[in-house]
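J.: Take a look at this one; I'll ask things after.
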Amino acid sequence: MTTPDARLSANRLHCGARGTLAVIGLALLAGGAQAAPDGKDVFLAQKCNTCHSVPAAGVEATVKIEKMKGPALPTASMATDVERQSHVVRQEELIDGKKHPKKFSGSDEELAALFGWLGQLAAEPAPGASGE
């Protein structure tokens, strides 16, 4: 036979466990709602700056051998032909008869953020350019 005090303690334990699970569930949901990736962060994380510089963002290529450097970004075609450029960096399409040296290994969302950032930079006037 269970005493009234034992039943009350068991009920509190059961309710406490449900409350704890609810808090854990809410924390997991909040953690799952992450912000969209930042294009510059993707560029640096994927080590695109090994070969490419982005002068408008103050990013310099780290490779020391000029022959190994890729074009400074963003290029004119980045704003107009994002789909093709996406295939190039994923090594699904050739550029000048060659595969891109490093295959982009990020997600579609990261790639979209990267090209969105580069496209935004391409749309901005060059530093020091006048609007006249």
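Residues are named by chain letter and number: chains run A, B, ... in the order of the structure tokens, numbers start at 1 in each chain, and ligands are numbered from 1 in the order shown.
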Please list as a ChimeraX atom specification every residue within 6 Å of range 39-56 of chain A, counting only C-alpha atoms and excluding residues in the same chain fewer than 4 positions away.

T.: /A:60-63,69-73,113-114,117

J.: Using DSSP secondary structure from the backbone, list all alpha helix (DSSP H) positions within range 39-123 of chain A, as a ChimeraX atom specification.

T.: /A:39-45,76-80,82-89,108-123

J.: Those selected residues, please, written with C-alpha atoms and delivered as a short mmCIF file (atom, residue, chain, number, x, y, z; two decimals), in the first residue's frame.

T.:
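What follows is the written file selection-v6.cif:
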data_model
loop_
_atom_site.label_atom_id
_atom_site.label_comp_id
_atom_site.auth_asym_id
_atom_site.auth_seq_id
_atom_site.Cartn_x
_atom_site.Cartn_y
_atom_site.Cartn_z
CA GLY A 39 28.71 34.84 -47.24
CA LYS A 40 32.05 36.21 -46.06
CA ASP A 41 32.24 33.57 -43.33
CA VAL A 42 31.55 30.86 -45.94
CA PHE A 43 34.24 32.33 -48.23
CA LEU A 44 36.81 32.16 -45.43
CA ALA A 45 35.68 28.77 -44.06
CA ALA A 76 31.44 40.71 -63.69
CA SER A 77 29.99 37.27 -64.51
CA MET A 78 29.26 36.51 -60.86
CA ALA A 79 26.31 38.89 -60.81
CA THR A 80 24.89 37.72 -64.14
CA VAL A 82 25.40 32.66 -60.70
CA GLU A 83 24.06 29.29 -61.81
CA ARG A 84 27.06 28.61 -64.05
CA GLN A 85 29.50 29.83 -61.40
CA SER A 86 27.83 27.49 -58.88
CA HIS A 87 28.46 24.55 -61.22
CA VAL A 88 32.06 25.66 -61.74
CA VAL A 89 32.95 25.79 -58.03
CA ASP A 108 23.42 24.74 -51.09
CA GLU A 109 22.46 27.32 -48.48
CA GLU A 110 26.11 28.22 -47.88
CA LEU A 111 26.75 28.49 -51.61
CA ALA A 112 23.73 30.78 -51.99
CA ALA A 113 25.02 32.94 -49.12
CA LEU A 114 28.48 33.10 -50.72
CA PHE A 115 27.16 34.19 -54.12
CA GLY A 116 24.67 36.54 -52.47
CA TRP A 117 27.54 38.27 -50.66
CA LEU A 118 29.67 38.47 -53.80
CA GLY A 119 26.68 39.71 -55.82
CA GLN A 120 26.02 42.41 -53.24
CA LEU A 121 29.66 43.52 -53.45
CA ALA A 122 29.47 43.55 -57.25
CA ALA A 123 26.42 45.85 -57.09
#

J.: Work out how far apart CA of Gln91 in chain A and CA of Gly106 in chain A are and give it in Å to one decimal.

T.: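 Separation between CA of Gln91 in chain A and CA of Gly106 in chain A: 12.8 Å.
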
J.: Rounded to one decimal in Å, what is the spacing between CA of Ala36 in chain A and CA of Leu94 in chain A?

T.: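 Computed distance, CA of Ala36 in chain A to CA of Leu94 in chain A, equals 28.9 Å.
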